[in-house]
Each structure stands twice: as C-alpha cells, then as structure tokens.
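Peer 1: One structure, pasted below without further comment.
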2 protein chains.
Amino acid sequence: MSRVPKIKISVIGAGSVAWSSKLVHDLLHTPSLYGSDVYFMDINEERLRILRGLAEKYKSEVGAEYNFFYTTDRKEAVRDSDVVINTAMYGGHRYYELMREVSEKHGYYRGVNSVEWNMVSDYHTIWGYYQWKLAMDIARDVEELAPGAWLIQMANPVFELTTLISRETRVKVVGLCHGHLGYKEIAQTIGLDPARVGFEAIGFNHVIWLTKFTYDGEDAYPLIDRWVEEKAEQYWSQWRMRQVNPFDIQMSPAAVDMYRRYGLFPVGDTVRGGTWKYHSSLKTKQYWYGPTGGPDSEIGWALYTAHQEYWLATLAQAASDPRIPVSSLFPQTRTEESVVPLIESLMLDKPGEYQVNVLNGNAIEGIPSNVAVEVPARVDARGIHPKTGLRLPRKILSLVMQPRLLRAEMAIAAFLEGGRQFLIDWLMLDPRTRSEEQAEKVWEEILSLPGNEEMKRHYS
Amino acid sequence: MSRVPKIKISVIGAGSVAWSSKLVHDLLHTPSLYGSDVYFMDINEERLRILRGLAEKYKSEVGAEYNFFYTTDRKEAVRDSDVVINTAMYGGHRYYELMREVSEKHGYYRGVNSVEWNMVSDYHTIWGYYQWKLAMDIARDVEELAPGAWLIQMANPVFELTTLISRETRVKVVGLCHGHLGYKEIAQTIGLDPARVGFEAIGFNHVIWLTKFTYDGEDAYPLIDRWVEEKAEQYWSQWRMRQVNPFDIQMSPAAVDMYRRYGLFPVGDTVRGGTWKYHSSLKTKQYWYGPTGGPDSEIGWALYTAHQEYWLATLAQAASDPRIPVSSLFPQTRTEESVVPLIESLMLDKPGEYQVNVLNGNAIEGIPSNVAVEVPARVDARGIHPKTGLRLPRKILSLVMQPRLLRAEMAIAAFLEGGRQFLIDWLMLDPRTRSEEQAEKVWEEILSLPGNEEMKRHYS
C-alpha cells in the first residue's frame, strides 16, 4: 500500500454508533484506504467507548490496517485532516421532543419546525439554532485547521447546512444522504430488478424527483403507470395490514398522489414531505402513510427512536460479548452508503458517479446558483463535477421547490441575522397559525425552555 | 414643432376615464409632444364617448395641437405606435367582487387572491386569468404590429405582468405606478418640505422600502424616528377621528409597525401589504389602518369604488355641460403621474430620473435577475437604465420579498401551465385554509361562476 498517500479522516459526531459502525464496516472493506488514520470524535465518552469496542474488535476480525483514534477533542480530530465527516447532531432527541411538545400545546402539530415539504422530524431548520451553530463551528475548524480538506456534511439539515457553509466559508463542502436509493424500492415494488434500472433524481436534499427511470435503457415510467393503475390498490391493502417499518412509504398512497399531482415520482425522503394535506393529523398521516402514520407521526417517530435504542444496545453487546462476532451484524460487502467510495474517488482519484449536494451553479435550470441542490455528479481527485442543464417541470419548480426554498432562506437569514421577527413571520405563513398572538406565545415558551438561553438571546 | 418626429401613442383601456382624463391633461400641458397622434382605445363605447367629450372640449380650452382618435379596434390603435400604454382592466369591479363573495363564504376573508404582501383588492394575481390574458394579448399585438414600440404597463398587477411580458415576449416593457410618491406624505406628516427631501424606495411594485431618505442632503431617518417616538400617538388619535380617505394610511400604525419590525419604512401601497397580522378581520384592519379599515377592507373598498363612480359622473357632466370648463377639474400644471414625462424622455431624448418596473438584471442584490423590480432609473432615447448595486436588508429580503416572489412565481406558473393543482397549493400555503377540501370547494365554486368557463378549462 506504499503508493497510497497517508490519509487522515475525521468523523465528528462519531457517537452516532449505528452510523459510525457502518462507516467502520465500509472502511474495513476498503483495502485501498488501508494505512489511513481515522479520528472518531464525539463529546459523549460513553458512546465513544462503545464505538471503540466495536471498531477495534471488528478490525481484528477483518485483519484490516487502519489507525483508529478516539477523541473528545474536536480540534485534534480536524487538524490536518484530508476529509472531515460531520455527522454530529446537537442535543438528544429529547431536546427536540420538548420543543415539539410545547409547539403542540399551542396548536402546532408535530412542531413549529415542520412546514410544507419539510415534515421530517429531525430535519431541524428554524429551531435548529444550536445544530446550525455546531455545523458552522466545525466548518470554521476545517477552514482554520485543515484548509484543503473536504467537509462531508452528513448531519441534517443537509440542504440548509450545505447552502450555509458554502456561502459563508471557504470550505470545500459536499452534502451526502442516502434517500435517493428509494429508486430501488420503486423498482422492486413494481417487479423490476434494481440492477437493470437507470435513474436520475434531482432537486433539494429530501425533495428530489425522479426525472429519469429506465429499465435496460428503455423508459420505465410506463411500468410505474401500469402498476399504479393495476396493482397499487391491492398492494396497499396488504401493506396496510403488514406495515411495521414506518419508513416503508416509498410506494404509499402519498407517493402516488404526489406523482399524480406534480407529474414526477417523489424519491426517498421526498415522500415524507408535501403540504399539510398529507400531515394535518395522525389520522391524515395514517391514510397517506399507513398504520404507523409514516416516520413523522407520533407513532412512527416513537418506533424509529425505540429501534435506534434497541440497535445501539445490540451493538454495545457485540462490542463486549466475545461470543458475538461484530461481522455477524453487517453484510458481507460494503453497505450502500456512498461516503467511503466518495472518499476513494476524491483521495485516490478513482472516478465515480455520486448523488451529491452542492451549490447549484448551473446544474438545475430555474434554481438560483447559490442554493445547494441534490444532483448526480462525477467525482475524481480534481473535485466534484455536477451534471449541468438538468431540468424540473415548472409545476414542481413553482409548487414545491420554491416554497421549500423560501423556508430555507428564511431559516438561513434567521440564523445569520437573529431577532424575533424571523420566528414570528415563519409562523405567520403557516396554515396552523390562527393569530399573531399564538405565534408569539409558542416561541416565547420554546425560547424559555432550559438550555435555550443563548438561542433566546439570538432571537430577542 | 417641426423638429419633433410625429409620434403615435396608443392608450389601451382608455375607458378608465378618471385615469385617461388625467393623461389628457398632462398631454395638453406638454407642448413638446404637440402634433402627436393619440389613440384612445376601449371596448366600452359609452366610456369612450365620455372621454371624447372631455378630451375634445379640454383640448379646445387649452388650444393644444394633438390628433386624438377614439376607437374600439385594438389593432388599429396599436399598429405602428411608438408608445403603447396598457391601462386595461378586464371585467368590472363586480366580476371580482363575485369571486370575493364566494371566497368569503368558504372562509377566505377578502378573497383567495389576497395573500401576504399582496392584500390589494384589485391587484389580481391567482384569480386574474382574464386580466393576464388580456395583458399578454396586448403585448402580442405590440410584438406584431408595433415591434419597436415601448409598452408602458400601468394595469395591475404591474409586478407580475411586467415580469411575465418581459420573460415571454420580445416587447420593450416598463411598468409604472405612482405609489412611491408616498415618500411625500411621510415628509409632510413629519413636518418636512417635500421639495427638499431626497429619497430612494426599492423592491417590487407595491412592496417598496425607503432605502434612502434625506433632507437638504442629510439623512432624515432620525427625523422619522423622533416623530414616531414623540408625535405618532397624538397624530393617530386625531387621524382616527377624521380619516375619510381610506388611502390615508402612509403614517398609520401599520406603517410604523412594519418599520419597527422590518427596519425600513414602507412606502405607498407597501403599507397595504403585510402578513395576515394586519388583515385577518375588519377589526384588525381598523386597528392598523384607521376607522375605514384602509382601502382593502369591505368599508374602505366600498368608499373607493363609490368615489370612482362619483368622479366619473363629475367628469361626464363636465364633458357635456357648457358651463363647466374641464380645466376647472384639474391642477394648473401637470399632475405627478410620470407617464407623459417618461414618454418625453424616451421619444425626445430628454433625460430624466424615474421610478420604473423592469427586470432586475443586477439592480437589486439578492433578487433573481429575471424578476421585475421597482427601482430608480435614468431614461433617455436609448432606453431605461436602472441603478445597479442597490441593496435591501436581509430581513426584508427573506421575510418580505421572498414570500411575495413565491406568490408571483406561483401565479405566473399557474397562468402559463394551467391545471387545478396550482390553485389548490396556492391555498394549501394560506393560513386561512383548514383543509384541502376547503381549498377544493372554494375553487370549484369560483370556477363555476358565469363568465369563468374558459378559466375553468385552463385550471381543469
């Protein structure tokens, strides 16, 4: 491996053990990166300890050559890195659940953060002050301590944070998400072999639309149409009886309704979006997203967070129980996460095609150049080269992308500028708002929650 | 006058007699344009007859040399024009009032057309299908029959129509409005001589903000601040007792509240905008806009339309009653309307500064280049040269301009594309909407009104 330059990768927020252990798995199955230094950083020492147990054990099971470091010192991790991965989520789920509870008391079901085309429960925009500040602090560290490094933004909200960091810093940033893999679920459900499917899905992160869908090179949209017409009802009646995974919504009535109304099929987390039409109550969510109400209902979100706890416990046990090989928890080959292949492309000049989030430039027509879009790109050692001349239908541009962009720009300006008016007007445009007083009261109570002192000063 | 080229001006929608007679007045007081042909066109022969009576009588009173023509043939009026003025409003007020009544039955106070930052009762956007079609038909006539002509767009919605025509045709279009003159009311109310005031007010038509305000060259914003602090309350208590003109709102509590919240003073029709905070009910409107509720309440709008009828009757009487000189109804000098001076600048190369609406290009930073902005511009025979490098505060950009732009883009896409989803989603983002069913029902009833057959097909 002597031809390979020694690479330093740092992972900020590595205490997301479920995610970090997948990264470890992918690294261990990528011999081209052997010899690299990987710094796993988190402020949570207990989580870091679990990860260390897992990673070291797994490394010796595989016999892979990596130098893994575990640290609570962010600057140590970032310094001289070639690649910095930000997967850090500020606060625990409970912090956001508290804000959600206060919101609901004031008539904002699922929280003031949920708005048209962003109903995702942990895609924190307007109430993500600390999360955004953390992401900007990490970007500033990269600027200062690893000025040539790539920053891979995996922490949400990828759309807003990739845009913000690109605009406000000199860092080379790229946002990654795996939601576009929803195209495989579309293929499988309608009976196609995903390996023979070609696709293009573009837009903003979590708001991407299937602009191309082929089977053996032929347009396969007619096959979706036929499935909708002939098979969807039967599929749904079975799905309603057996849905256990709240994320099993790629072919839900919501997705098909969006396809009918907007003209292209929504992919991945896009299905979780939409206007309040799909989200106004638990009953409404269950109609569109199945008995769990989808991941962003009170039921679906509870299932998801409980599953995360369960999986963390499973991983922790594997880390310490000599009877359980860590490898038994993972697939034989690399996962479908693109982060490790992307690092290979960037660092080892191994060209590849990826779904990335970067400033639009002239990738998608009709979207401002300084907004992060999610598009296919060719990646090599010279950088990230998004496709250009991509197009979305006018209906999707004006009814989906622009309302979503409005919310992004409001949240970005609120974060940069501060002041209560941003929060008030955020809700004055919200169909759940009955009066300005309601908007004022809910924010006053959210900002008065313990821990929100600095956020309250920012928005005073 | 032999050095002056013979100019042909056409006025489409000249049956707005109140407006056209002011134009006649200004033309008669502009000797540099003497000798020109002016075609007054309208489909309403009765109105045209009144205008003819007024204009011919006034012309002989003044002894001015113009060739006035009156026609119901739009193509005849437009053909070979140098300047085409579009002041045509499709339908009568009653047509829109019917749509408003249906809206209110379904919970949409003041109509589905009213949205944040466009609460103006006859600034027809989403329900303006026929008005927009008329404006585009006129623009197409200009393209075909008078390809070098300037189209002066005075008919509302100036913001959307200037944008649409600029994007979709090859016509040289400029939108005009007199709302920016509100700066004089600000000056007078706080005790300044308007003649010594300098100002700059920029944004979108009806959404302009006082970016510069000087007195004898010195920054005069502190004088506004002092008035707000020391005199506003007393002014308002008197104003509440004596407000008769619903348009007397330039220094209303609404205007001052917007100034406090957004950081710049709103000018002219901008004050009529805002979120639903200022507009949610008659009582709310009266709190912010005085006892009439401002021009866009049920009271203020009734006062305004009644006044229009009264004024039309006065003009009609003057047209036919030999005892009344037409000149007695008008000021001694030209009005403050900029249309005739603008024609002088364009046609006679008499350079001047005007408040215009044209595509942004690089006039205002942070606004897309292909959107019509209202900005100061230098005008001469070579065309319209807007100031560049103009700036609005980020708070106004994100909380005011972007929500307003979203609505403009939605209305433009709806007009160009058709289909019911545009109308539904227009309301799914509206704080008055309680359910998608409500949105579907109100549109179904609006589209089923007599006269809306073609609009219904467009939005089917």
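Going through the structure tokens in order, the chains are called A, B, and so on, while each chain numbers its residues from 1 and the ligands are numbered from 1 in the order shown.
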For Val244 in chain B, find every residue with an atom within 10 Å (counting only C-alpha atoms), except residues of its own chain fewer than 6 positions away, and show them as a ChimeraX atom specification.

Peer 2: /B:290-292,294,300,303

Peer 1: When you get a sec, could you note down which chain A residues fall within 10 Å of chain B, using only C-alpha atoms, as an MDAnalysis selection string?

Peer 2: chainID A and resid 115:116 260:262 275:278 280 366:369 394:400 402:403 405:414 416:437

Peer 1: Please list as an mmCIF file with C-alpha atoms, in the first residue's frame every residue within 10 Å of Gly107 in chain A, counting only C-alpha atoms and excluding residues in the same chain fewer than 4 positions away.

Peer 2:
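Contents of the output file result.cif:
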```
data_model
loop_
_atom_site.group_PDB
_atom_site.id
_atom_site.type_symbol
_atom_site.label_atom_id
_atom_site.label_comp_id
_atom_site.auth_asym_id
_atom_site.auth_seq_id
_atom_site.Cartn_x
_atom_site.Cartn_y
_atom_site.Cartn_z
ATOM 1 C CA VAL A 102 -44.587 22.973 23.624
ATOM 2 C CA SER A 103 -45.481 23.517 19.966
ATOM 3 C CA GLY A 111 -43.844 21.213 15.978
ATOM 4 C CA VAL A 112 -43.208 24.681 14.605
ATOM 5 C CA ARG A 432 -51.727 26.247 11.541
ATOM 6 C CA THR A 433 -51.474 29.840 12.778
ATOM 7 C CA ARG A 434 -54.726 31.472 13.885
ATOM 8 C CA GLN A 438 -50.394 32.349 19.032
ATOM 9 C CA ALA A 439 -47.098 32.653 17.153
ATOM 10 C CA VAL A 442 -45.370 29.467 21.250
#
```

Peer 1: Go through range 330-431 of chain A residue by residue and, counting only C-alpha atoms, keep those with an atom at most 10 Å from range 30-47 of chain A; for each kept residue give the shortest atom pair and its distance in Å to one decimal, ordered by chain and increasing number, as a tab-separated table.

Peer 2:
```
residue	atom	partner	partner_atom	distance
A:Thr333	CA	A:Thr30	CA	9.6
A:Arg334	CA	A:Thr30	CA	8.1
A:Val340	CA	A:Thr30	CA	7.9
A:Pro341	CA	A:Thr30	CA	8.5
A:Ile343	CA	A:Leu33	CA	8.9
A:Glu344	CA	A:Leu33	CA	7.3
A:Met347	CA	A:Leu33	CA	9.1
A:Leu348	CA	A:Ser32	CA	8.3
```

Peer 1: As an exercise, work out the distance from CA of Phe247 in chain A to CA of Val120 in chain A in Å and give it to one decimal place.

Peer 2: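 Answer for the CA of Phe247 in chain A to CA of Val120 in chain A separation: 11.4 Å.
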
Peer 1: Name all residues at most 7 Å from Gly179 in chain B (count only C-alpha atoms; drop same-chain ones fewer than 2 positions away) and give them as a list of chain:residue names.

Peer 2: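 Selected residues are B:Cys177, B:Leu181, B:Gly182, B:His206, B:Gly268, B:Asp269.
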
Peer 1: Could you give me the residues within range 81-191 of chain B that DSSP places in alpha helix (DSSP H), as a PyMOL selection string?

Peer 2: chain B and resi 93-105+129-145+158-168+182-189

Peer 1: Would you please give, as number ranges by chain, all residues of range 151-288 of chain B that DSSP assigns to strand (DSSP E) based on the backbone?

Peer 2: B: 151-153, 172-175, 197-204, 207-215, 218-219, 266-267

Peer 1: Could you take the residues named above and write them with N, CA, C and O atoms, as a short mmCIF file (atom, residue, chain, number, x, y, z; two decimals), in the first residue's frame?

Peer 2:
```
data_model
loop_
_atom_site.label_atom_id
_atom_site.label_comp_id
_atom_site.auth_asym_id
_atom_site.auth_seq_id
_atom_site.Cartn_x
_atom_site.Cartn_y
_atom_site.Cartn_z
N LEU B 151 -43.90 49.47 -24.48
CA LEU B 151 -45.17 49.15 -23.83
C LEU B 151 -45.07 49.63 -22.38
O LEU B 151 -44.21 49.17 -21.63
N ILE B 152 -45.93 50.59 -22.04
CA ILE B 152 -45.95 51.07 -20.67
C ILE B 152 -47.08 50.37 -19.93
O ILE B 152 -48.26 50.57 -20.23
N GLN B 153 -46.70 49.48 -19.02
CA GLN B 153 -47.69 48.65 -18.33
C GLN B 153 -48.15 49.38 -17.07
O GLN B 153 -47.40 49.49 -16.11
N LYS B 172 -40.39 45.71 -25.52
CA LYS B 172 -39.73 46.58 -24.54
C LYS B 172 -40.81 47.07 -23.57
O LYS B 172 -41.62 47.92 -23.94
N VAL B 173 -40.84 46.52 -22.39
CA VAL B 173 -41.93 46.83 -21.46
C VAL B 173 -41.38 47.52 -20.21
O VAL B 173 -40.29 47.20 -19.74
N VAL B 174 -42.14 48.48 -19.71
CA VAL B 174 -41.79 49.13 -18.45
C VAL B 174 -43.08 49.32 -17.66
O VAL B 174 -44.09 49.75 -18.21
N GLY B 175 -43.04 48.96 -16.39
CA GLY B 175 -44.20 49.12 -15.53
C GLY B 175 -44.12 50.43 -14.75
O GLY B 175 -43.06 50.79 -14.26
N VAL B 197 -36.68 67.12 0.11
CA VAL B 197 -36.45 65.72 0.51
C VAL B 197 -35.85 64.93 -0.65
O VAL B 197 -36.26 65.11 -1.80
N GLY B 198 -34.87 64.11 -0.36
CA GLY B 198 -34.38 63.13 -1.32
C GLY B 198 -34.79 61.74 -0.85
O GLY B 198 -34.90 61.51 0.35
N PHE B 199 -35.06 60.85 -1.79
CA PHE B 199 -35.49 59.51 -1.36
C PHE B 199 -35.06 58.46 -2.35
O PHE B 199 -34.77 58.76 -3.52
N GLU B 200 -35.01 57.25 -1.86
CA GLU B 200 -34.88 56.08 -2.73
C GLU B 200 -35.77 55.01 -2.10
O GLU B 200 -35.70 54.77 -0.89
N ALA B 201 -36.64 54.41 -2.90
CA ALA B 201 -37.54 53.37 -2.41
C ALA B 201 -37.52 52.25 -3.43
O ALA B 201 -37.84 52.47 -4.60
N ILE B 202 -37.11 51.05 -3.00
CA ILE B 202 -36.89 49.97 -3.96
C ILE B 202 -37.54 48.68 -3.50
O ILE B 202 -37.84 48.50 -2.31
N GLY B 203 -37.73 47.79 -4.44
CA GLY B 203 -38.32 46.48 -4.14
C GLY B 203 -39.09 45.98 -5.33
O GLY B 203 -38.63 46.08 -6.47
N PHE B 204 -40.27 45.40 -5.05
CA PHE B 204 -41.20 45.03 -6.12
C PHE B 204 -42.31 46.06 -6.12
O PHE B 204 -42.58 46.69 -5.10
N VAL B 207 -44.36 46.81 -3.12
CA VAL B 207 -43.58 46.29 -1.98
C VAL B 207 -42.22 46.99 -2.01
O VAL B 207 -41.19 46.38 -2.23
N ILE B 208 -42.26 48.32 -1.79
CA ILE B 208 -41.01 49.09 -1.85
C ILE B 208 -40.71 49.70 -0.49
O ILE B 208 -41.60 50.02 0.29
N TRP B 209 -39.43 49.82 -0.21
CA TRP B 209 -38.94 50.20 1.11
C TRP B 209 -38.00 51.38 0.99
O TRP B 209 -37.16 51.42 0.08
N LEU B 210 -38.12 52.30 1.92
CA LEU B 210 -37.38 53.56 1.89
C LEU B 210 -35.91 53.31 2.24
O LEU B 210 -35.53 53.33 3.41
N THR B 211 -35.10 53.10 1.23
CA THR B 211 -33.68 52.81 1.47
C THR B 211 -32.86 54.08 1.65
O THR B 211 -31.76 54.02 2.21
N LYS B 212 -33.39 55.21 1.18
CA LYS B 212 -32.71 56.49 1.44
C LYS B 212 -33.76 57.55 1.70
O LYS B 212 -34.79 57.60 1.00
N PHE B 213 -33.49 58.42 2.67
CA PHE B 213 -34.42 59.50 2.99
C PHE B 213 -33.59 60.65 3.54
O PHE B 213 -32.98 60.53 4.60
N THR B 214 -33.50 61.71 2.76
CA THR B 214 -32.63 62.82 3.16
C THR B 214 -33.40 64.15 3.17
O THR B 214 -34.45 64.29 2.51
N TYR B 215 -32.89 65.10 3.92
CA TYR B 215 -33.46 66.45 3.95
C TYR B 215 -32.30 67.42 3.76
O TYR B 215 -31.35 67.39 4.55
N GLU B 218 -29.04 65.68 4.05
CA GLU B 218 -28.67 64.97 5.28
C GLU B 218 -29.64 63.81 5.54
O GLU B 218 -30.84 63.95 5.27
N ASP B 219 -29.14 62.74 6.12
CA ASP B 219 -30.00 61.62 6.48
C ASP B 219 -31.16 62.09 7.36
O ASP B 219 -30.95 62.68 8.42
N PRO B 266 -42.02 51.45 5.04
CA PRO B 266 -42.72 51.02 3.82
C PRO B 266 -43.33 52.24 3.13
O PRO B 266 -43.81 53.15 3.79
N VAL B 267 -43.29 52.24 1.80
CA VAL B 267 -43.72 53.42 1.03
C VAL B 267 -44.94 53.08 0.18
O VAL B 267 -44.97 52.05 -0.51
#
```

Peer 1: At a cut-off of 12 Å, using only C-alpha atoms, what residues contact Pro295 in chain A? Leave out same-chain residues fewer than 5 positions from it and give the result as a VMD selection string.

Peer 2: chain A and resid 110 119 to 122 243 to 250 269 271 to 273 279 282 285 to 286 288 to 290 300 to 305 307

Peer 1: Which residues, written as a ChimeraX atom specification, have at least one atom at most 8 Å from Gly352 in chain B, with only C-alpha atoms counted and residues fewer than 2 positions away on the same chain left out?

Peer 2: /B:342,345,350,354,378-380

Peer 1: Could you save the residues just selected, with N, CA and C atoms, as a PDB file, in the first residue's frame?

Peer 2:
```pdb
ATOM      1  N   LEU B 342     -42.113  60.468 -18.953  1.00  0.00           N
ATOM      2  CA  LEU B 342     -41.345  59.301 -19.408  1.00  0.00           C
ATOM      3  C   LEU B 342     -41.374  59.200 -20.928  1.00  0.00           C
ATOM      4  N   SER B 345     -38.967  61.627 -22.306  1.00  0.00           N
ATOM      5  CA  SER B 345     -37.587  61.157 -22.175  1.00  0.00           C
ATOM      6  C   SER B 345     -37.255  60.126 -23.236  1.00  0.00           C
ATOM      7  N   LYS B 350     -35.029  63.378 -23.790  1.00  0.00           N
ATOM      8  CA  LYS B 350     -34.943  64.379 -22.724  1.00  0.00           C
ATOM      9  C   LYS B 350     -34.662  63.609 -21.437  1.00  0.00           C
ATOM     10  N   TYR B 354     -36.651  58.305 -13.214  1.00  0.00           N
ATOM     11  CA  TYR B 354     -38.000  57.793 -12.981  1.00  0.00           C
ATOM     12  C   TYR B 354     -37.961  56.580 -12.070  1.00  0.00           C
ATOM     13  N   ARG B 378     -32.457  56.012 -14.892  1.00  0.00           N
ATOM     14  CA  ARG B 378     -32.259  57.117 -15.810  1.00  0.00           C
ATOM     15  C   ARG B 378     -32.865  56.686 -17.146  1.00  0.00           C
ATOM     16  N   VAL B 379     -33.628  57.591 -17.754  1.00  0.00           N
ATOM     17  CA  VAL B 379     -34.295  57.249 -19.012  1.00  0.00           C
ATOM     18  C   VAL B 379     -33.948  58.291 -20.060  1.00  0.00           C
ATOM     19  N   ASP B 380     -33.602  57.819 -21.256  1.00  0.00           N
ATOM     20  CA  ASP B 380     -33.367  58.711 -22.396  1.00  0.00           C
ATOM     21  C   ASP B 380     -33.755  57.951 -23.656  1.00  0.00           C
TER      22      ASP B 380
END
```

Peer 1: Using only C-alpha atoms, which residues sit within 12 Å of Val24 in chain A once same-chain residues fewer than 2 positions away are excluded, as a PyMOL selection string?

Peer 2: chain A and resi 9+11+14+17-22+26-30+33-34+38-40+51-59+62+64-68+326-327+330+334-335+337+339-340
